Amino acid sequence: MCARDPAQNPIAMNETGLRSWTDRLFDFVPQVVALFGALLVGAIMLLLIGVNPWEAYRAAFTGVFGSKNGLSDMLVKATPLLLVALGTCIAFRANVINIGAEGQLIMGALATTWLAVEMGSAAPAWLLILLCMLIGFVAGGAWGAIPGYLKARLGVNEILSTVMLNQIAIQLGFFLLRGVMMDPAERAAGTNLPHSARLPAVADLPRFTDIAKSLGFTQTAKQLGLDGMTAEFYGLFAEPTRLHLGLIFAIIAAIVVYILLWRTTVGYRIRAVGFNPAAARYAGFRVRAYVVLALTLSGALAGLAGAVEILGLHHRMFEPTSVSAGYGFSGIVVALFGRLHPLGAIPSALLFGALLVGGDKMQRAMQIPQPLVTALLGLVVLFVVSADYWTKKRATRIHVKREPTPAGTSASAGAAAD
Amino acid sequence: MTQELTVLAIIIGIAHSGIRLATPYLYAALGEMMAQRSGVLNLGVEGMMLMGAFAGFYVTFQTGNPWLGVLAAAVAGLLMGLIMAVVSVSLKAEQGISGIGLYLFGLGVSSLLFKTMLGTVEGVNGFHEMQFCVANVPLLNIDSTFCMKDIPVVGPIFFDHSVLVYGAFALVPILWFVLNKTTWGLNVRAVGQNPAAADSLSVGVNRVRYENVMLGGALAGIAGASLSIALLGIFQEGMTNGMGFIAVALVYFGGWSPVGVMAGALLFSSVNALQLWVQVLGFNIASNLAVMLPYLLTIIALAIPFRRAQQPAALSKPFTRSET
């Protein structure tokens, strides 16, 4: 078992139960500065390839916040980001570094597609959707349980095993999509693209516009005489956009994960195992079992993200890497930016949803090569993890001032106080 | 065509490709080993390799000199190593995650540079196979030119490679010597095992870590170049395709020793070569399952419970001098 030093633990400083809410709010300052730092370096890169960064960023901003389609795209992208981030929160709280959300998401998406296509219209819509989400949850969880078991029983570093399992999930996805799961129409046409058949329409997650219609919002913004941003916000819910119910599920999941981690014994033990495995073992907790549990739950949430993407957005499975679309990695950033707190992950997911959509819009408006967004995302990761340095430093200083403890132990003093 | 290949020829072919394909893994994994021995888990090897692959390819393409390409690749990797060191050593970021950031950054920047500076897939004529030939040695009674690759069996396996392949294998004893027989190597090991003790003996912990992460970066850069200049002769976006992550795993597999890492790289590349040959020979195995095989093998290898080698005690723990 690899036990990291609690003082270096990314979560340790967050754990101190003695700090006030306003005090914790200041923890976000270095991160926001880091985000702007990354955008600044991005601007330099834009300059180097001969693009006006001001115009590019403005195109990104108006692309996201200027219309209902931009806003709905942001929320649609925030949905899987939030679910993956919630899984990351659970894993990192147990001090398990799960890099495998990509693979777990793909496994969830594959399982969901398989079940929906197999069941067809045999079940009522609500039951089919429920079962599909459940099987996505379970498949992702199983894919997460593998590295969990390998770590707990055989001491295999979870960072490595999850990275390997990502590649295996991608190849497995291609194998299934080129084989048993391939759309019969695709095969008949001879195109042989690795795409599944379309899911039965009953398995589609309701879109916001469907819900709004059933609630009686049948008029468009124009008919109501709205204009400007009011019209766009009204249109976001009442007019046809891609926005679907998955967003609500993700927000509910955030609340559930919050309750799990902070209001239940299981959650307390997960955090205790992550914070100080030796102490947790001394307290009689089954440390290994909680490591497996944390990775399983973490994978299950990523699998749920895959299920929601299929049911709510794509309605069919295609190239695994395009379905996961890097959410497995960006979800980690979202979780870190939300300071590994399930509720902090909500605004963080919205922010990164905006960043991803903004990147797309910028790229299209300014003819910027697509990899720039990948590079920018990498920069954000580097800057945000670096910014933790100042957050930790500040937390240590305040903590030492409030509660004089022998030097060096200040980091772990607050653990038991929760 | 299949019938004409004898069993021996196939075995020679697999062994030859195995050694050849081991090159990028070996450079990258040996570099990563040095970083880990000093206590830094660098998960960004993939990004470093991609930057090296592009820099090496571009310079070779422009100048026609593959040596300048290798140099450029090493410098590109070194700079990536510097970024990693600033973030992970000085700013003490969680190394598993900063490595992912570096990977995304390297993937994005190398693809961006490729799109803006080249645009299309080009080819270069990089390193040729070395010719171990002697002409007219009267002592051995050899009149005509004699080449070592003409030796049966052994020749085509060992003496038909480019200089980068030999460079990779030469690094194994060199790094073993540096780690185990020099003061600097002792410092590296001390910093990885017990940074506080090393610090108390006035070894600059962070300085040693910077040196090793940057050395690892330079080697990862060369690993990328060996792929883009020597093995394939082209650059493509994301061409390393997970090799950097495998290199990290090979360090664990090899028990943090140069010889162990070499054994891992050879085993791994041989399986890869075997998989390629199986496909060439026309056995109908789905290619996706074959590609999956090396990753599966890596997980199994990591799970085999032989615990003779312990990881460096301070691996992935940033060093903070205690306040007392």
# chains A, B, ... in the order shown; residues from 1 in each chain; ligands from 1
$ select_by_dssp --residues "segment 86-257 of chain B" --states "alpha helix (DSSP H)" --output "PyMOL selection string"
chain B and resi 95-113+154-158+163-181+183-193+195-200+205-225+243-253
$ interface_residues --of "chain A" --to "chain B" --cutoff "9 Å" --atoms "only C-alpha atoms" --output "ChimeraX atom specification"
/A:4-5,8-10,49,97,99,150-151,154-157,159-161,163-165,167-175,329,332-333,369-383,385-390,407-408
$ residues_around --residues "Thr220 of chain A" --least-positions-apart "5" --cutoff "12 Å" --atoms "only C-alpha atoms" --output "list in words"
Thr209, Ala212, Lys213, Gly225, Leu226, Asp227, Thr230, Ala231, Glu232, Phe233, Tyr234, Gly235, Leu236, Phe237, Ala238, Glu239 and Pro240 of chain A
$ residues_around --residues "Gly274 of chain A" --least-positions-apart "6" --cutoff "8 Å" --atoms "only C-alpha atoms" --output "PyMOL selection string"
chain A and resi 92-96
$ write_last_selection --atoms "N, CA and C atoms" --output "JSON list (two decimals), in the first residue's frame"
[["chain", "number", "residue", "atom", "x", "y", "z"],
["A", 92, "PHE", "N", -9.91, 10.59, -4.60],
["A", 92, "PHE", "CA", -8.82, 11.38, -4.03],
["A", 92, "PHE", "C", -8.99, 11.56, -2.53],
["A", 93, "ARG", "N", -10.24, 11.61, -2.05],
["A", 93, "ARG", "CA", -10.47, 11.70, -0.62],
["A", 93, "ARG", "C", -9.94, 10.46, 0.09],
["A", 94, "ALA", "N", -9.97, 9.31, -0.63],
["A", 94, "ALA", "CA", -9.41, 8.09, -0.06],
["A", 94, "ALA", "C", -7.93, 7.98, -0.39],
["A", 95, "ASN", "N", -7.37, 9.07, -0.92],
["A", 95, "ASN", "CA", -5.96, 9.12, -1.32],
["A", 95, "ASN", "C", -5.63, 8.07, -2.38],
["A", 96, "VAL", "N", -6.57, 7.86, -3.28],
["A", 96, "VAL", "CA", -6.35, 6.96, -4.41],
["A", 96, "VAL", "C", -6.42, 7.82, -5.66]]
$ select_by_dssp --residues "segment 83-228 of chain B" --states "strand (DSSP E or B)" --output "list in words"
Gly123, Glu129, Cys133, Val134, Val137, Ile142, Phe146, Cys147 and Ser162 of chain B
$ atom_distance --atom1 "atom CA of Gly306 of chain A" --atom2 "atom CA of Val384 of chain A"
25.8 Å
$ atom_distance --atom1 "atom CA of Thr218 of chain A" --atom2 "atom CA of Leu130 of chain A"
27.6 Å
$ residues_around --residues "segment 214-220 of chain B" --least-positions-apart "2" --cutoff "10 Å" --atoms "only C-alpha atoms" --output "PDB file with C-alpha atoms, in the first residue's frame"
ATOM      1  CA  PRO B  24      12.031   4.226 -27.603  1.00  0.00           C
ATOM      2  CA  TYR B  25      10.802   2.359 -24.519  1.00  0.00           C
ATOM      3  CA  LEU B  26      14.349   1.982 -23.288  1.00  0.00           C
ATOM      4  CA  TYR B  27      15.318   5.651 -23.623  1.00  0.00           C
ATOM      5  CA  ALA B  28      12.082   6.828 -22.058  1.00  0.00           C
ATOM      6  CA  ALA B  29      12.033   4.249 -19.257  1.00  0.00           C
ATOM      7  CA  LEU B  30      15.691   4.790 -18.338  1.00  0.00           C
ATOM      8  CA  GLY B  31      15.050   8.534 -18.135  1.00  0.00           C
ATOM      9  CA  GLU B  32      11.951   7.963 -16.042  1.00  0.00           C
ATOM     10  CA  MET B  33      13.967   5.601 -13.843  1.00  0.00           C
ATOM     11  CA  MET B  34      16.449   8.375 -13.062  1.00  0.00           C
ATOM     12  CA  ALA B  35      13.622  10.767 -12.163  1.00  0.00           C
ATOM     13  CA  GLN B  36      12.010   8.151  -9.934  1.00  0.00           C
ATOM     14  CA  ASN B  42       6.929  11.913 -13.783  1.00  0.00           C
ATOM     15  CA  GLY B  44       4.270  13.285 -18.344  1.00  0.00           C
ATOM     16  CA  VAL B  45       6.747  11.126 -20.296  1.00  0.00           C
ATOM     17  CA  GLU B  46       4.232  10.759 -23.111  1.00  0.00           C
ATOM     18  CA  GLY B  47       4.064  14.523 -23.604  1.00  0.00           C
ATOM     19  CA  MET B  48       7.850  14.816 -23.454  1.00  0.00           C
ATOM     20  CA  MET B  49       8.238  12.079 -26.058  1.00  0.00           C
ATOM     21  CA  LEU B  50       5.806  13.819 -28.385  1.00  0.00           C
ATOM     22  CA  MET B  51       7.647  17.124 -28.075  1.00  0.00           C
ATOM     23  CA  GLY B  52      10.932  15.344 -28.733  1.00  0.00           C
ATOM     24  CA  ALA B  53       9.440  13.452 -31.652  1.00  0.00           C
ATOM     25  CA  VAL B  70      18.373  14.263 -31.907  1.00  0.00           C
ATOM     26  CA  LEU B  71      19.942  17.288 -30.250  1.00  0.00           C
ATOM     27  CA  ALA B  72      16.785  19.333 -30.771  1.00  0.00           C
ATOM     28  CA  ALA B  73      14.695  16.485 -29.371  1.00  0.00           C
ATOM     29  CA  ALA B  74      16.880  16.300 -26.275  1.00  0.00           C
ATOM     30  CA  VAL B  75      16.581  20.061 -25.747  1.00  0.00           C
ATOM     31  CA  ALA B  76      12.794  19.944 -26.208  1.00  0.00           C
ATOM     32  CA  GLY B  77      12.555  17.106 -23.681  1.00  0.00           C
ATOM     33  CA  LEU B  78      14.872  18.957 -21.314  1.00  0.00           C
ATOM     34  CA  LEU B  79      12.604  22.020 -21.371  1.00  0.00           C
ATOM     35  CA  MET B  80       9.550  19.852 -20.723  1.00  0.00           C
ATOM     36  CA  GLY B  81      11.504  18.347 -17.822  1.00  0.00           C
ATOM     37  CA  LEU B  82      12.160  21.832 -16.528  1.00  0.00           C
ATOM     38  CA  ILE B  83       8.419  22.577 -16.515  1.00  0.00           C
ATOM     39  CA  MET B  84       7.739  19.314 -14.691  1.00  0.00           C
ATOM     40  CA  ALA B  85      10.470  20.058 -12.157  1.00  0.00           C
ATOM     41  CA  ALA B 168      19.895   3.028 -25.921  1.00  0.00           C
ATOM     42  CA  VAL B 208      19.347  16.749  -7.620  1.00  0.00           C
ATOM     43  CA  ARG B 209      15.670  16.276  -8.460  1.00  0.00           C
ATOM     44  CA  TYR B 210      15.755  19.052 -11.045  1.00  0.00           C
ATOM     45  CA  GLU B 211      18.803  17.436 -12.653  1.00  0.00           C
ATOM     46  CA  ASN B 212      17.185  14.035 -12.833  1.00  0.00           C
ATOM     47  CA  ILE B 222      15.420  11.297 -27.629  1.00  0.00           C
ATOM     48  CA  ALA B 223      12.958   8.414 -27.240  1.00  0.00           C
ATOM     49  CA  GLY B 224      10.459  10.400 -29.256  1.00  0.00           C
ATOM     50  CA  ALA B 225      13.088  11.252 -31.846  1.00  0.00           C
ATOM     51  CA  SER B 226      14.116   7.609 -32.154  1.00  0.00           C
ATOM     52  CA  GLY B 244       5.205   7.069 -22.480  1.00  0.00           C
ATOM     53  CA  ALA B 247       7.642   3.449 -20.046  1.00  0.00           C
TER      54      ALA B 247
END
